[in-house]
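Right, one structure below, let's go through it.
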Amino acid sequence: MNDLRNLVSTLVDKHGRDEESLLPILQGIENSESYVSQEAMVEIAKELNISAAQVYGTATFYSFLSIQPLGKYVIRVCKTITCSMHGKNQVISELENMLKIKLGETTSDKRFSLLETNCLGQCHKGPAMLINDEPYTDLTPEKVREIIRDIQQKEFAVN
Amino acid sequence: MEKKHLKRLDLIFKNEHDTEEILAKVLAKKNEEIINDLIISGLKGRGGAGYPTGLKWKLTAEEESDEKYVICNADEGEPGTFKDREILSAVPHKVLTGMAVCARVTGAKQGFIYLRGEYKFLVPELEKAIAAFHNLLATLNLDFSVSVFIGSGAYICGEESALFESMEGKRGEPRNKPPFPTQKGYKAKPTVINNVETLAHTYSIFKYGPEKFHDLGVKDSHGSKVFSVSGDTPIPGIYELEFGMTLQKFVDDFADGDAKAVQVGGASGFCVPRKRFEKTVIGYQGTLTGPSLPTGGSMMIFNSSRSMYNVLHNYLDFFVEESCGQCTPCRVGTQQLLLGIQAVKKGEKPSLYLDKLLSLAETMRVTAKCGLGQSVANSFSSIVENFREEMIY
Ligand SMILES: Cc1cc2nc3c(=O)[nH]c(=O)nc-3n(C[C@H](O)[C@H](O)[C@H](O)COP(=O)(O)O)c2cc1C
Ligand code: SF4
Ligand code: FES
């Protein structure tokens, strides 16, 4: 709780106390915590002197803000038409197999979440996905395996 | 071999490093002159609505207010569009120059680039370009600064008033119009909001003069346009072409020889079937049905192996998810259209039910609050009318 309070106050110091800072603050919470908890919403509301309902309303509007905990690596695969036409389903299957979760789920070690999203603006290089902020394009099942293995190895080395 | 019937232009992406010279040249002009040049050039907004850019700047300049804003709309969320990302990464200085000149003309001191969350990876490079640009502005004594505001995954925030709401910390729900942004935009202050590509084009106009820009294209559609080409094409990518081409010429150059339809303008645009390629001209006043041809530049090509039912289903999924839910015609309408085509496909509803759905879509065009709900009928009607059998069997 104290950690959260500190995080909120650091973000408020950085972005300011105006309502215009709300979205950047929520994004900062999402980045550090993987989601925006109710406690965080209440804390932000206090700091910005707005209602918790407004914070909740904003936090639940945006698809890149989550009110459920997500994994350290959030995978968002584009499901819009041209990526679908070029093999998005194979990409999803490969990810499900490797991570042993279904679309919409998070691995039990809290490392990976697998989600779908709308057009990523990479349609000429579809299928495409984001892992956190980073785009990966021209995906094939082989390429997906490499990408995930690289991350898993990196994680393994850290621990 | 790559066919090249259409002339490829190289205005936007030409990497001219003469920002300082161009800025000094333009800023030496009177505001009225700059506005006049833009009006003469015939430049219209490239974000979809096609509003004349010079007029937009003029209206904002005429508003009395000690606080005004210039916002670059980089929310680029229309399916099949990716040109703004490329422009911002390749030639950010052109966009920034457009913003700075707009600031001088309108009296704004602060500018923002509203960058969709999906493009957050661009931020480090963009911030570098902005820092360099700020240094340049300091030498020119122009009091203007630009910051990046990052979105969070909501297509509707590309709609200008939803974008302001979002920047103000609210849900991205479109406002009623009027008042227009030129009167009451961000924080209820006069605001110019322009698409990335629109701003980049102003650079070419400043550099080469309004006449040269005006000479490109056709009646009512001047200048060049950056197209995002995807789908069934051997050469997907970003191409700068002249307005006024027929869709047939476009297909000859870009499709795989088997194109059965092209979706012009993304999910909120129109689907043109093969039999109308020859008659369809790409520009603001083309021969497409509908009030205005979307000009975002998304061109998705579908060949004969594709099911147009799947295409429409995918678009409707998109609209159901991205509708902000604020007004009933759009919130309920998008869901009903989706359920409706599913029911017809499964045989649970007779094929005549499609006509009911068509009239529902037309009702949405008239009653929905913003462009999202209003434009669902574009793709819905053009796909259902042209590919009716595919919806049923
Ligand atoms: C649902 C919806 C989404 C939109 N998305 C964008 C967008 O991503 N980028 C954009 O520039 N304009 C978008 N627009 C158009 C903007 O509202 C606005 O007209 C445009 O930014 C004005 O700039 P322009 O005059 O340079 O085209 C969208 C409009 C609607 C209705
Ligand atoms: S038309 Fe759709 S997106 Fe626009 S205000 Fe209504 S519900 Fe929201
Ligand atoms: S359709 Fe997948 S990135 Fe655009």
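Just so we're on the same page: first chain in the structure tokens is A, next is B, and so on; residues restart at 1 for each chain, and ligands are numbered from 1 in the order they show up.
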
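For range 72-80 of chain A, the set of protein, DNA and RNA residues having any atom at most 8 Å away, when counting only C-alpha atoms and skipping those fewer than 3 positions along the same chain, is Ser34, Cys83, Ser84, Lys88, Ile92, Lys110, Arg111, Phe112, Ser113, Leu114, Leu115, Glu116, Thr117, Asn118, Cys119, Leu120, Pro127, Ala128, Met129, Leu130, Ile131 and Asn132 of chain A; Pro79, Asn314, Tyr315 and Phe318 of chain B.
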
Apply DSSP to the structure's backbone, then extract all residues of range 33-157 of chain A labelled strand (DSSP E or B) and return them as JSON, numbers by chain. {"A": [73, 74, 75, 76, 77, 78, 106, 112, 113, 114, 115, 116, 117, 129, 130, 131, 134, 135, 136]}

Within 8 Å of chain A, which residues of chain B show up when using only C-alpha atoms, listed as a PDB file with N, CA and C atoms, in the first residue's frame?
```
ATOM      1  N   GLU B  76      -4.032   7.390 -35.727  1.00  0.00           N
ATOM      2  CA  GLU B  76      -4.101   6.396 -36.821  1.00  0.00           C
ATOM      3  C   GLU B  76      -4.588   5.002 -36.423  1.00  0.00           C
ATOM      4  N   GLY B  77      -5.912   4.842 -36.332  1.00  0.00           N
ATOM      5  CA  GLY B  77      -6.427   3.543 -35.911  1.00  0.00           C
ATOM      6  C   GLY B  77      -7.295   2.864 -36.949  1.00  0.00           C
ATOM      7  N   GLU B  78      -7.521   3.537 -38.071  1.00  0.00           N
ATOM      8  CA  GLU B  78      -8.387   2.962 -39.102  1.00  0.00           C
ATOM      9  C   GLU B  78      -7.725   1.698 -39.650  1.00  0.00           C
ATOM     10  N   PRO B  79      -8.443   0.569 -39.625  1.00  0.00           N
ATOM     11  CA  PRO B  79      -7.836  -0.648 -40.153  1.00  0.00           C
ATOM     12  C   PRO B  79      -7.265  -0.446 -41.555  1.00  0.00           C
ATOM     13  N   GLY B  80      -6.061  -0.919 -41.743  1.00  0.00           N
ATOM     14  CA  GLY B  80      -5.440  -0.798 -43.053  1.00  0.00           C
ATOM     15  C   GLY B  80      -4.672   0.489 -43.266  1.00  0.00           C
ATOM     16  N   THR B  81      -4.550   1.316 -42.249  1.00  0.00           N
ATOM     17  CA  THR B  81      -3.788   2.563 -42.393  1.00  0.00           C
ATOM     18  C   THR B  81      -2.514   2.504 -41.563  1.00  0.00           C
ATOM     19  N   PHE B  82      -1.393   2.833 -42.184  1.00  0.00           N
ATOM     20  CA  PHE B  82      -0.145   2.850 -41.426  1.00  0.00           C
ATOM     21  C   PHE B  82       0.807   3.917 -41.909  1.00  0.00           C
ATOM     22  N   ARG B  85       2.390   6.562 -39.227  1.00  0.00           N
ATOM     23  CA  ARG B  85       3.532   6.020 -38.479  1.00  0.00           C
ATOM     24  C   ARG B  85       4.818   6.232 -39.265  1.00  0.00           C
ATOM     25  N   GLY B 117      -1.289   4.574 -28.582  1.00  0.00           N
ATOM     26  CA  GLY B 117      -0.479   3.738 -27.708  1.00  0.00           C
ATOM     27  C   GLY B 117       0.276   2.653 -28.456  1.00  0.00           C
ATOM     28  N   GLU B 118      -0.314   2.194 -29.569  1.00  0.00           N
ATOM     29  CA  GLU B 118       0.322   1.158 -30.376  1.00  0.00           C
ATOM     30  C   GLU B 118       1.633   1.640 -30.986  1.00  0.00           C
ATOM     31  N   TYR B 119       1.826   2.953 -31.039  1.00  0.00           N
ATOM     32  CA  TYR B 119       3.046   3.519 -31.625  1.00  0.00           C
ATOM     33  C   TYR B 119       3.995   4.063 -30.560  1.00  0.00           C
ATOM     34  N   LYS B 120       3.828   3.611 -29.334  1.00  0.00           N
ATOM     35  CA  LYS B 120       4.670   4.140 -28.262  1.00  0.00           C
ATOM     36  C   LYS B 120       6.155   3.899 -28.539  1.00  0.00           C
ATOM     37  N   PHE B 121       6.444   2.838 -29.266  1.00  0.00           N
ATOM     38  CA  PHE B 121       7.848   2.535 -29.562  1.00  0.00           C
ATOM     39  C   PHE B 121       8.532   3.643 -30.380  1.00  0.00           C
ATOM     40  N   PHE B 149       1.582  13.263 -26.407  1.00  0.00           N
ATOM     41  CA  PHE B 149       0.575  12.686 -25.514  1.00  0.00           C
ATOM     42  C   PHE B 149       0.256  11.298 -26.063  1.00  0.00           C
ATOM     43  N   ILE B 150       0.375  10.293 -25.213  1.00  0.00           N
ATOM     44  CA  ILE B 150       0.222   8.922 -25.704  1.00  0.00           C
ATOM     45  C   ILE B 150      -1.170   8.381 -25.391  1.00  0.00           C
ATOM     46  N   SER B 152      -4.179   5.209 -25.370  1.00  0.00           N
ATOM     47  CA  SER B 152      -4.169   3.946 -24.632  1.00  0.00           C
ATOM     48  C   SER B 152      -5.049   2.886 -25.283  1.00  0.00           C
ATOM     49  N   GLY B 153      -5.047   2.857 -26.604  1.00  0.00           N
ATOM     50  CA  GLY B 153      -5.766   1.786 -27.275  1.00  0.00           C
ATOM     51  C   GLY B 153      -7.257   2.036 -27.373  1.00  0.00           C
ATOM     52  N   ALA B 154      -7.647   3.076 -28.101  1.00  0.00           N
ATOM     53  CA  ALA B 154      -9.066   3.333 -28.344  1.00  0.00           C
ATOM     54  C   ALA B 154      -9.184   4.051 -29.685  1.00  0.00           C
ATOM     55  N   SER B 166     -10.069  12.728 -24.151  1.00  0.00           N
ATOM     56  CA  SER B 166      -9.043  11.806 -23.687  1.00  0.00           C
ATOM     57  C   SER B 166      -7.865  12.571 -23.088  1.00  0.00           C
ATOM     58  N   MET B 167      -7.445  13.635 -23.760  1.00  0.00           N
ATOM     59  CA  MET B 167      -6.339  14.442 -23.227  1.00  0.00           C
ATOM     60  C   MET B 167      -6.719  15.135 -21.925  1.00  0.00           C
ATOM     61  N   GLU B 168      -8.008  15.353 -21.744  1.00  0.00           N
ATOM     62  CA  GLU B 168      -8.466  16.003 -20.517  1.00  0.00           C
ATOM     63  C   GLU B 168      -8.721  14.996 -19.400  1.00  0.00           C
ATOM     64  N   GLY B 169      -8.312  13.760 -19.615  1.00  0.00           N
ATOM     65  CA  GLY B 169      -8.416  12.756 -18.556  1.00  0.00           C
ATOM     66  C   GLY B 169      -9.759  12.055 -18.485  1.00  0.00           C
ATOM     67  N   LYS B 170     -10.550  12.209 -19.548  1.00  0.00           N
ATOM     68  CA  LYS B 170     -11.884  11.589 -19.517  1.00  0.00           C
ATOM     69  C   LYS B 170     -11.977  10.385 -20.440  1.00  0.00           C
ATOM     70  N   ARG B 171     -13.135   9.747 -20.422  1.00  0.00           N
ATOM     71  CA  ARG B 171     -13.390   8.688 -21.385  1.00  0.00           C
ATOM     72  C   ARG B 171     -13.403   9.317 -22.775  1.00  0.00           C
ATOM     73  N   GLY B 172     -12.949   8.576 -23.769  1.00  0.00           N
ATOM     74  CA  GLY B 172     -12.896   9.139 -25.114  1.00  0.00           C
ATOM     75  C   GLY B 172     -14.247   9.139 -25.784  1.00  0.00           C
ATOM     76  N   SER B 228      -1.857   3.555 -47.980  1.00  0.00           N
ATOM     77  CA  SER B 228      -1.386   2.356 -47.285  1.00  0.00           C
ATOM     78  C   SER B 228      -2.008   1.168 -48.003  1.00  0.00           C
ATOM     79  N   VAL B 229      -1.179   0.348 -48.602  1.00  0.00           N
ATOM     80  CA  VAL B 229      -1.680  -0.757 -49.427  1.00  0.00           C
ATOM     81  C   VAL B 229      -1.432  -2.089 -48.722  1.00  0.00           C
ATOM     82  N   SER B 230      -2.528  -2.845 -48.518  1.00  0.00           N
ATOM     83  CA  SER B 230      -2.369  -4.138 -47.832  1.00  0.00           C
ATOM     84  C   SER B 230      -3.374  -5.141 -48.373  1.00  0.00           C
ATOM     85  N   GLY B 231      -3.341  -6.343 -47.848  1.00  0.00           N
ATOM     86  CA  GLY B 231      -4.247  -7.389 -48.297  1.00  0.00           C
ATOM     87  C   GLY B 231      -3.586  -8.251 -49.356  1.00  0.00           C
ATOM     88  N   PRO B 236       2.823  -5.020 -50.655  1.00  0.00           N
ATOM     89  CA  PRO B 236       2.182  -4.192 -49.636  1.00  0.00           C
ATOM     90  C   PRO B 236       3.131  -3.083 -49.193  1.00  0.00           C
ATOM     91  N   GLY B 237       2.581  -1.951 -48.787  1.00  0.00           N
ATOM     92  CA  GLY B 237       3.468  -0.890 -48.321  1.00  0.00           C
ATOM     93  C   GLY B 237       2.834   0.479 -48.451  1.00  0.00           C
ATOM     94  N   MET B 300      -7.318  -1.791 -48.976  1.00  0.00           N
ATOM     95  CA  MET B 300      -7.170  -3.213 -48.686  1.00  0.00           C
ATOM     96  C   MET B 300      -7.714  -4.008 -49.867  1.00  0.00           C
ATOM     97  N   VAL B 311     -14.947 -10.806 -44.224  1.00  0.00           N
ATOM     98  CA  VAL B 311     -14.445  -9.432 -44.184  1.00  0.00           C
ATOM     99  C   VAL B 311     -15.425  -8.547 -43.410  1.00  0.00           C
ATOM    100  N   ASN B 314     -15.487  -9.263 -39.723  1.00  0.00           N
ATOM    101  CA  ASN B 314     -14.313  -8.695 -39.056  1.00  0.00           C
ATOM    102  C   ASN B 314     -14.501  -7.194 -38.806  1.00  0.00           C
ATOM    103  N   TYR B 315     -15.029  -6.470 -39.787  1.00  0.00           N
ATOM    104  CA  TYR B 315     -15.268  -5.035 -39.607  1.00  0.00           C
ATOM    105  C   TYR B 315     -16.292  -4.796 -38.503  1.00  0.00           C
ATOM    106  N   PHE B 318     -14.940  -5.191 -35.167  1.00  0.00           N
ATOM    107  CA  PHE B 318     -14.157  -3.991 -34.868  1.00  0.00           C
ATOM    108  C   PHE B 318     -15.070  -2.879 -34.341  1.00  0.00           C
TER     109      PHE B 318
END
```

So which bits of chain A end up alpha helix (DSSP H) when you DSSP the backbone, as a PyMOL selection string? chain A and resi 2-15+22-33+38-48+52-59+81-85+88-99+141-158

Would you mind exporting the chosen residues as a PDB file, in the first residue's frame, restricted to C-alpha atoms?
```pdb
ATOM      1  CA  ASN A   2       2.827   2.347   0.879  1.00  0.00           C
ATOM      2  CA  ASP A   3       4.618   1.357  -2.290  1.00  0.00           C
ATOM      3  CA  LEU A   4       1.528   2.163  -4.263  1.00  0.00           C
ATOM      4  CA  ARG A   5       1.154   5.494  -2.530  1.00  0.00           C
ATOM      5  CA  ASN A   6       4.755   6.301  -3.364  1.00  0.00           C
ATOM      6  CA  LEU A   7       4.278   5.289  -6.972  1.00  0.00           C
ATOM      7  CA  VAL A   8       1.201   7.484  -7.308  1.00  0.00           C
ATOM      8  CA  SER A   9       2.890  10.448  -5.720  1.00  0.00           C
ATOM      9  CA  THR A  10       5.982  10.058  -7.944  1.00  0.00           C
ATOM     10  CA  LEU A  11       3.728   9.970 -10.995  1.00  0.00           C
ATOM     11  CA  VAL A  12       1.741  12.957  -9.804  1.00  0.00           C
ATOM     12  CA  ASP A  13       4.956  14.901  -9.242  1.00  0.00           C
ATOM     13  CA  LYS A  14       6.088  14.019 -12.730  1.00  0.00           C
ATOM     14  CA  HIS A  15       2.862  14.734 -14.635  1.00  0.00           C
ATOM     15  CA  LEU A  22      -4.906  11.489 -15.416  1.00  0.00           C
ATOM     16  CA  LEU A  23      -4.252   9.353 -18.489  1.00  0.00           C
ATOM     17  CA  PRO A  24      -0.432   9.619 -18.219  1.00  0.00           C
ATOM     18  CA  ILE A  25      -0.666   8.720 -14.512  1.00  0.00           C
ATOM     19  CA  LEU A  26      -2.872   5.702 -15.225  1.00  0.00           C
ATOM     20  CA  GLN A  27      -0.425   4.626 -17.928  1.00  0.00           C
ATOM     21  CA  GLY A  28       2.420   4.918 -15.427  1.00  0.00           C
ATOM     22  CA  ILE A  29       0.561   2.711 -12.942  1.00  0.00           C
ATOM     23  CA  GLU A  30      -0.199   0.172 -15.654  1.00  0.00           C
ATOM     24  CA  ASN A  31       3.483   0.075 -16.633  1.00  0.00           C
ATOM     25  CA  SER A  32       4.774  -0.571 -13.134  1.00  0.00           C
ATOM     26  CA  GLU A  33       1.953  -2.675 -11.702  1.00  0.00           C
ATOM     27  CA  GLN A  38      -9.001  -0.078  -7.085  1.00  0.00           C
ATOM     28  CA  GLU A  39      -6.578   1.095  -4.408  1.00  0.00           C
ATOM     29  CA  ALA A  40      -4.580   2.895  -7.096  1.00  0.00           C
ATOM     30  CA  MET A  41      -7.740   4.549  -8.431  1.00  0.00           C
ATOM     31  CA  VAL A  42      -8.718   5.810  -4.991  1.00  0.00           C
ATOM     32  CA  GLU A  43      -5.218   7.095  -4.349  1.00  0.00           C
ATOM     33  CA  ILE A  44      -5.093   8.934  -7.698  1.00  0.00           C
ATOM     34  CA  ALA A  45      -8.528  10.446  -7.077  1.00  0.00           C
ATOM     35  CA  LYS A  46      -7.310  11.837  -3.744  1.00  0.00           C
ATOM     36  CA  GLU A  47      -4.142  13.257  -5.242  1.00  0.00           C
ATOM     37  CA  LEU A  48      -5.917  14.930  -8.171  1.00  0.00           C
ATOM     38  CA  ALA A  52     -12.871   7.970  -7.763  1.00  0.00           C
ATOM     39  CA  ALA A  53     -15.770   7.381 -10.171  1.00  0.00           C
ATOM     40  CA  GLN A  54     -14.121   9.618 -12.762  1.00  0.00           C
ATOM     41  CA  VAL A  55     -10.847   7.747 -12.400  1.00  0.00           C
ATOM     42  CA  TYR A  56     -12.694   4.442 -12.716  1.00  0.00           C
ATOM     43  CA  GLY A  57     -14.623   5.683 -15.751  1.00  0.00           C
ATOM     44  CA  THR A  58     -11.430   6.669 -17.520  1.00  0.00           C
ATOM     45  CA  ALA A  59      -9.450   3.599 -16.436  1.00  0.00           C
ATOM     46  CA  ILE A  81      -8.758  -8.351 -41.397  1.00  0.00           C
ATOM     47  CA  THR A  82      -5.473  -8.345 -43.263  1.00  0.00           C
ATOM     48  CA  CYS A  83      -3.552  -9.918 -40.380  1.00  0.00           C
ATOM     49  CA  SER A  84      -6.339 -12.507 -40.119  1.00  0.00           C
ATOM     50  CA  MET A  85      -5.982 -13.251 -43.825  1.00  0.00           C
ATOM     51  CA  LYS A  88      -3.081 -14.691 -37.417  1.00  0.00           C
ATOM     52  CA  ASN A  89      -4.750 -17.906 -36.216  1.00  0.00           C
ATOM     53  CA  GLN A  90      -1.544 -19.922 -36.646  1.00  0.00           C
ATOM     54  CA  VAL A  91       0.290 -17.271 -34.642  1.00  0.00           C
ATOM     55  CA  ILE A  92      -2.230 -17.510 -31.823  1.00  0.00           C
ATOM     56  CA  SER A  93      -2.127 -21.341 -31.830  1.00  0.00           C
ATOM     57  CA  GLU A  94       1.639 -21.300 -31.619  1.00  0.00           C
ATOM     58  CA  LEU A  95       1.565 -18.868 -28.719  1.00  0.00           C
ATOM     59  CA  GLU A  96      -1.095 -20.917 -26.919  1.00  0.00           C
ATOM     60  CA  ASN A  97       0.988 -24.058 -27.361  1.00  0.00           C
ATOM     61  CA  MET A  98       4.202 -22.506 -26.180  1.00  0.00           C
ATOM     62  CA  LEU A  99       2.774 -20.643 -23.219  1.00  0.00           C
ATOM     63  CA  PRO A 141       4.951 -19.945 -36.172  1.00  0.00           C
ATOM     64  CA  GLU A 142       8.745 -20.399 -36.371  1.00  0.00           C
ATOM     65  CA  LYS A 143       9.369 -16.732 -35.789  1.00  0.00           C
ATOM     66  CA  VAL A 144       6.971 -16.723 -32.843  1.00  0.00           C
ATOM     67  CA  ARG A 145       8.860 -19.647 -31.276  1.00  0.00           C
ATOM     68  CA  GLU A 146      12.136 -17.768 -31.560  1.00  0.00           C
ATOM     69  CA  ILE A 147      10.723 -14.582 -30.091  1.00  0.00           C
ATOM     70  CA  ILE A 148       9.199 -16.333 -27.096  1.00  0.00           C
ATOM     71  CA  ARG A 149      12.276 -18.502 -26.537  1.00  0.00           C
ATOM     72  CA  ASP A 150      14.471 -15.418 -26.479  1.00  0.00           C
ATOM     73  CA  ILE A 151      12.311 -13.843 -23.822  1.00  0.00           C
ATOM     74  CA  GLN A 152      12.146 -17.029 -21.781  1.00  0.00           C
ATOM     75  CA  GLN A 153      15.931 -17.369 -21.897  1.00  0.00           C
ATOM     76  CA  LYS A 154      16.383 -13.782 -20.859  1.00  0.00           C
ATOM     77  CA  GLU A 155      14.001 -14.306 -17.949  1.00  0.00           C
ATOM     78  CA  PHE A 156      15.788 -17.498 -16.990  1.00  0.00           C
ATOM     79  CA  ALA A 157      19.150 -15.711 -16.953  1.00  0.00           C
ATOM     80  CA  VAL A 158      17.793 -12.954 -14.709  1.00  0.00           C
TER      81      VAL A 158
END
```

All residues within 12 Å of ligand 2 are required, counting only C-alpha atoms and all ligand atoms; please report them as number ranges by chain. A: 61; B: 154-163, 171-177, 268, 318-335, 361, 363-377

Please provide as a PyMOL selection string all residues within 6 Å of Gln110 in chain B, with the sequence filter that same-chain residues fewer than 6 positions apart are discarded (counting only C-alpha atoms). chain B and resi 69+144-145

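For the set B:Tyr208, B:Phe277, B:Phe254, B:Tyr393, the residue with the smallest atom-to-atom gap to Ile301 in chain B is B:Phe254, counting only C-alpha atoms.
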
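One distance worth recording is that between CA of Ser221 in chain B and atom 25 (O, counted along the ligand's line) of ligand 1, which is 13.7 Å.
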
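Near Leu6 in chain B, within a cut-off of 9 Å and counting only C-alpha atoms, sit the residues Lys3, Lys4, Arg8, Leu241, Glu242, Met245, Lys249, Phe250 and Asp253 of chain B, with same-chain residues fewer than 2 positions away left out.
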
Kindly save the residues from that selection, with N, CA, C and O atoms included, as a CSV table (one decimal), in the first residue's frame.
```
chain,number,residue,atom,x,y,z
B,3,LYS,N,4.6,-3.6,-61.9
B,3,LYS,CA,4.0,-2.8,-62.9
B,3,LYS,C,4.0,-1.4,-62.4
B,3,LYS,O,3.7,-1.1,-61.2
B,4,LYS,N,4.2,-0.4,-63.3
B,4,LYS,CA,4.2,0.9,-62.8
B,4,LYS,C,3.4,1.8,-63.8
B,4,LYS,O,4.0,2.6,-64.6
B,8,ARG,N,4.7,7.4,-59.4
B,8,ARG,CA,5.0,7.5,-57.9
B,8,ARG,C,5.5,8.9,-57.6
B,8,ARG,O,6.4,9.3,-58.3
B,241,LEU,N,0.9,8.7,-54.2
B,241,LEU,CA,0.4,8.8,-55.6
B,241,LEU,C,-0.4,10.1,-55.8
B,241,LEU,O,-0.8,10.7,-54.8
B,242,GLU,N,-0.7,10.3,-57.0
B,242,GLU,CA,-1.5,11.5,-57.3
B,242,GLU,C,-3.0,11.2,-57.2
B,242,GLU,O,-3.4,10.1,-57.5
B,245,MET,N,-6.7,8.9,-59.8
B,245,MET,CA,-6.5,7.6,-60.6
B,245,MET,C,-7.8,6.8,-60.5
B,245,MET,O,-8.6,7.0,-59.6
B,249,LYS,N,-6.7,1.3,-62.5
B,249,LYS,CA,-5.3,1.5,-62.7
B,249,LYS,C,-4.5,1.1,-61.4
B,249,LYS,O,-3.4,0.5,-61.4
B,250,PHE,N,-5.1,1.4,-60.3
B,250,PHE,CA,-4.5,1.1,-59.0
B,250,PHE,C,-4.4,-0.4,-58.8
B,250,PHE,O,-3.3,-0.9,-58.5
B,253,ASP,N,-1.7,-2.0,-60.9
B,253,ASP,CA,-0.3,-1.8,-60.4
B,253,ASP,C,-0.1,-2.6,-59.1
B,253,ASP,O,1.0,-3.1,-58.9
```

Pick out the closest residue to Ile113 in chain B from this set: B:Leu55, B:Ala61, B:Ile39, B:Val196. Count only C-alpha atoms. B:Val196

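Shell of range 47-53 of chain B at 9 Å, with only C-alpha atoms counted and residues fewer than 3 places along the chain excluded, is Ile35, Leu38, Ile39, Gly42, Leu43, Lys44, Lys56, Trp57, Lys58, Asn73, Glu76, Gly158, Asn194, Asn195, Val196, Glu197, Thr198, Gly265, Tyr284, Ser292, Leu293, Pro294, Thr295, Gly296 and Gly297 of chain B.
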
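Closest approach to ligand 3 among B:Gly45, B:Gly266, B:Glu278, B:Lys68: B:Gly266, based on only C-alpha atoms and all ligand atoms.
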
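The list of residues with at least one atom within 6 Å of range 86-100 of chain B, based on only C-alpha atoms and without residues fewer than 4 positions apart in the same chain, reads Leu199, Ala200, Thr202 and Tyr203 of chain B.
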
Which residue gives the smallest distance to ligand 1 among B:Cys72, B:Met308, B:Ile130, B:Leu9, with only C-alpha atoms and all ligand atoms counted? B:Cys72
